[in-house]
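Report on the structure given below.
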Amino acid sequence: MAQSIPDTMRAVAVNRFGGIDEMALQTVPVPEPGPDEILIRVESVGVGVWDQWEREGAFAELFRERHGSEPRFPYVIGFDGAGIVAMAGSDVTRFKPGDRVYADRHINPKGGFYAEYVAVKEGFVSPVPANLSIEQAGAMPVDAITALLGLDDTLQLKKGESLLIFGAGGGLGHLALQLAKRMGVRVFAVASGEDGVALATRLGADTVVNGRKDDVVAAAREFAPEGLDAALLTAGGEVAQRTLEALRNGGRAAYARGVSPAPQARPGVEIKEYVGDEAGRAVFEKLNRLIESGPFEVHVARTFSLEQAVDAHRALGEHYLGKLALKLE
């Protein structure tokens, strides 16, 4: 390994799956990249509920299925992040040391992103869009990719259609709002609290309502008297379920796996659960084109150091807008 790359690194890992107290800052070996892999010096990491699930062992069976082995401890968590290429494997053709990149790699057998270095296969890595900082790029991959897959692959939105986004001030929702506008869609946004309404308004939603106090269905019917064409639900619950009343007959709705309670279909409306899975090169390229087509905001509500990862996981249970992130010096 190159002399400029250390043998060991700091990482947040668990020695067994479990609660928040199982997380600890440890010293572990720097992963060795394979021929088709890139070693990234991590600068920014997204923090999401999936990190909690990973910490608790919810993906252990999927790890066994994908990699044919048991998870190894200490287990470094973290699904996504961004940084600078430190080393590129011999078969890598698209990246070189010094490039700014972001990546989305679920349950990585060589360790996750809560670390100073991560080794990721080239196909799960993308250049950072020119109009984003590394901090923004590191916070967004899972949510941005999940948003795009919901809008494009699942709902198959067309220019001029009307879309309800429930949870438009959240991590997935505020990114979906901006991507949908770039696709030429009219967006009716439901956000939580006045701060969420202000964020969704600033990001360009055509109409925004406060899901905590406004009559969402009445406002949606005023926005689209003949009914909305589609809905993307980023959270579940009574209000989310009620919003489906605003869809026209023949309308469609989608929600990513993990939304709980899962929304239920109503007569005349098709509803699909989809998986916000890892992206391939084509998805990355489309996402980057949309992001670079105009001003784009990845709203990072709070940043934490690697040493504060436990505090970041606690903050996941609080009200915040956009994303939480770890920032490595």
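Residues are named by chain letter and number: chains run A, B, ... in the order of the structure tokens, numbers start at 1 in each chain, and ligands are numbered from 1 in the order shown.
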Subject >> Spatial neighbours of range 170-177 of chain A, max dist 6 Å, only C-alpha atoms, sep filter under 4 positions, as a list in words >> reply: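 Here the qualifying residues turn out to be Asp143, Ala144, Ala147, Leu321, Gly322 and Lys323 of chain A.
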Original post:
Neighbours of range 81-85 of chain A within 10 Å (only C-alpha atoms; same-chain residues fewer than 3 positions away dropped), as number ranges by chain?
Top reply: A: 38-47, 78, 88, 95-105, 112-119, 125-128, 133-142, 325-328
Original post:
Skipping near chain neighbours, those fewer than 5 positions away, what residues fall within 10 Å of Gln241 in chain A using only C-alpha atoms, listed as a ChimeraX atom specification?
Top reply: /A:166,233,235-236,261-266
File of the preceding selection, N, CA and C atoms, as a PDB file, in the first residue's frame:
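Generated output (result-v1.pdb):
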```
ATOM      1  N   PHE A 166     -45.073  13.500   0.516  1.00  0.00           N
ATOM      2  CA  PHE A 166     -45.364  13.532   1.947  1.00  0.00           C
ATOM      3  C   PHE A 166     -44.043  13.381   2.697  1.00  0.00           C
ATOM      4  N   LEU A 233     -44.647   8.786  -0.728  1.00  0.00           N
ATOM      5  CA  LEU A 233     -44.803   8.858   0.721  1.00  0.00           C
ATOM      6  C   LEU A 233     -43.492   8.455   1.375  1.00  0.00           C
ATOM      7  N   ALA A 235     -43.010   8.759   4.684  1.00  0.00           N
ATOM      8  CA  ALA A 235     -43.317   8.375   6.055  1.00  0.00           C
ATOM      9  C   ALA A 235     -44.719   7.789   6.066  1.00  0.00           C
ATOM     10  N   GLY A 236     -45.018   7.024   7.112  1.00  0.00           N
ATOM     11  CA  GLY A 236     -46.334   6.428   7.233  1.00  0.00           C
ATOM     12  C   GLY A 236     -47.150   7.110   8.315  1.00  0.00           C
ATOM     13  N   PRO A 261     -45.994   2.947   9.659  1.00  0.00           N
ATOM     14  CA  PRO A 261     -46.666   1.788   9.092  1.00  0.00           C
ATOM     15  C   PRO A 261     -46.797   1.916   7.579  1.00  0.00           C
ATOM     16  N   ALA A 262     -46.789   0.792   6.894  1.00  0.00           N
ATOM     17  CA  ALA A 262     -46.858   0.807   5.436  1.00  0.00           C
ATOM     18  C   ALA A 262     -48.216   1.340   4.982  1.00  0.00           C
ATOM     19  N   PRO A 263     -48.247   2.316   4.077  1.00  0.00           N
ATOM     20  CA  PRO A 263     -49.520   2.825   3.565  1.00  0.00           C
ATOM     21  C   PRO A 263     -50.309   1.716   2.869  1.00  0.00           C
ATOM     22  N   GLN A 264     -51.623   1.814   2.949  1.00  0.00           N
ATOM     23  CA  GLN A 264     -52.500   0.821   2.349  1.00  0.00           C
ATOM     24  C   GLN A 264     -53.221   1.417   1.143  1.00  0.00           C
ATOM     25  N   ALA A 265     -53.387   0.614   0.110  1.00  0.00           N
ATOM     26  CA  ALA A 265     -54.059   1.081  -1.107  1.00  0.00           C
ATOM     27  C   ALA A 265     -55.524   1.388  -0.830  1.00  0.00           C
ATOM     28  N   ARG A 266     -56.076   2.297  -1.624  1.00  0.00           N
ATOM     29  CA  ARG A 266     -57.515   2.551  -1.595  1.00  0.00           C
ATOM     30  C   ARG A 266     -58.062   2.242  -2.975  1.00  0.00           C
TER      31      ARG A 266
END
```
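Of the listed residues (A:Gly68, A:Pro31, A:Gly250, A:Gly258), A:Pro31 comes nearest to Val120 in chain A; the distances count only C-alpha atoms.
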Original post:
Val12 in chain A: which residues within 12 Å, counting only C-alpha atoms, same-chain residues fewer than 6 positions away excluded, as a VMD selection string?
Top reply: chain A and resid 20 to 28 45 51 55 73 to 78 111 to 117 305 to 310 312 to 313 326 328
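We find CA of Phe79 in chain A and CA of Ala279 in chain A to be spaced 12.1 Å apart.
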**OP:** Please run DSSP on the backbone and report, as a ChimeraX atom specification, all residues within range 93-254 of chain A that come out as helix (DSSP H, G or I).
**Re:** /A:122-124,134-139,141-154,171-182,193-202,216-223,238-246
